[in-house]
Amino acid sequence: MRIGDSLRRKIDDGLAHSSFGIVVFSKSFFAKGWPQYELDGIVGLSVAGKQRMLPIWHEISKDEVEQQSPSLADKIARTTATSTIAEIADEIASVVRDSIAA
């Protein structure tokens, strides 16, 4: 990004041209506005079948996610409570590779 660029337009452009949206849910995530804006875009594209959301829960439980959004808690997610960052990254890479091969 360069000085004067629109952050919102860059986010929208990135979302529009992505096949996957990796979302790291945490307590901080739900407390801030920009992540919610990006999530709205990812969910909209996911519902339309244009993108696949890959949720990660970081230092947050399923119950806490469910309190914020029951529909998000229903998605199969990986959590840093039971998986290492390397394991999560490997699984994301595998999902992406499988998508390309299909």
# chains A, B, ... in the order shown; residues from 1 in each chain; ligands from 1

$ select_by_dssp --residues "region 23-56 of chain A" --states "alpha helix (DSSP H)" --output "number ranges by chain"
A: 27-31, 33-47

$ residues_around --residues "Asp74 (chain A)" --least-positions-apart "6" --cutoff "12 Å" --atoms "only C-alpha atoms" --output "PyMOL selection string"
chain A and resi 55+62-63+65-68

$ closest_residue --among "A:His17, A:Lys75, A:Arg8, A:Lys50" --to "Pro35 (chain A)" --atoms "only C-alpha atoms"
A:Arg8

$ closest_residue --among "A:Ile88, A:Ile56, A:Ala93, A:Leu15" --to "Tyr37 (chain A)" --atoms "only C-alpha atoms"
A:Leu15

$ atom_distance --atom1 "CA of Trp34 (chain A)" --atom2 "CA of Met1 (chain A)"
16.8 Å

$ select_by_dssp --residues "region 36-70 of chain A" --states "strand (DSSP E or B)" --output "list of chain:residue names"
A:Arg52, A:Met53, A:Leu54, A:Pro55, A:Ile56, A:Trp57

$ closest_residue --among "A:Lys27, A:Ala48, A:Ile60, A:Gly14" --to "Thr82 (chain A)" --atoms "only C-alpha atoms"
A:Ile60

$ atom_distance --atom1 "CA of Ala102 (chain A)" --atom2 "CA of Gly49 (chain A)"
15.7 Å

$ atom_distance --atom1 "CA of Phe30 (chain A)" --atom2 "CA of Pro70 (chain A)"
13.4 Å

$ closest_residue --among "A:Ser26, A:Ser46, A:Gln36, A:Ser71" --to "His58 (chain A)" --atoms "only C-alpha atoms"
A:Ser26

$ closest_residue --among "A:Ser19, A:Ser28, A:Ser61, A:Thr79" --to "Val96 (chain A)" --atoms "only C-alpha atoms"
A:Ser19

$ residues_around --residues "Glu38 (chain A)" --least-positions-apart "6" --cutoff "12 Å" --atoms "only C-alpha atoms" --output "list in words"
Leu7, Arg8, Arg9, Lys10, Ile11, Asp12, Asp13, Gly14, Leu15, Ala16, Gly21, Ile22, Val23, Val24, Phe29, Phe30, Lys32, Gly44, Leu45 and Met53 of chain A

$ write_last_selection --atoms "C-alpha atoms" --output "compact mmCIF listing (two decimals), in the first residue's frame"
# COMPACT_ATOMS: atom_id res chain seq x y z
CA LEU A 7 -7.57 0.67 3.17
CA ARG A 8 -11.22 -0.26 2.62
CA ARG A 9 -10.75 -0.57 -1.15
CA LYS A 10 -7.62 -2.68 -0.72
CA ILE A 11 -9.46 -4.99 1.70
CA ASP A 12 -12.43 -5.26 -0.67
CA ASP A 13 -10.13 -5.98 -3.62
CA GLY A 14 -8.31 -8.67 -1.66
CA LEU A 15 -11.55 -10.30 -0.56
CA ALA A 16 -13.03 -10.19 -4.06
CA GLY A 21 -10.70 -16.37 3.78
CA ILE A 22 -8.65 -17.34 6.82
CA VAL A 23 -10.22 -15.81 9.91
CA VAL A 24 -8.47 -15.92 13.28
CA PHE A 29 -11.20 -9.90 16.96
CA PHE A 30 -14.75 -9.48 18.26
CA LYS A 32 -12.68 -4.35 16.87
CA GLY A 44 -21.10 -12.91 2.16
CA LEU A 45 -18.73 -14.48 -0.35
CA MET A 53 -13.86 -19.52 5.10
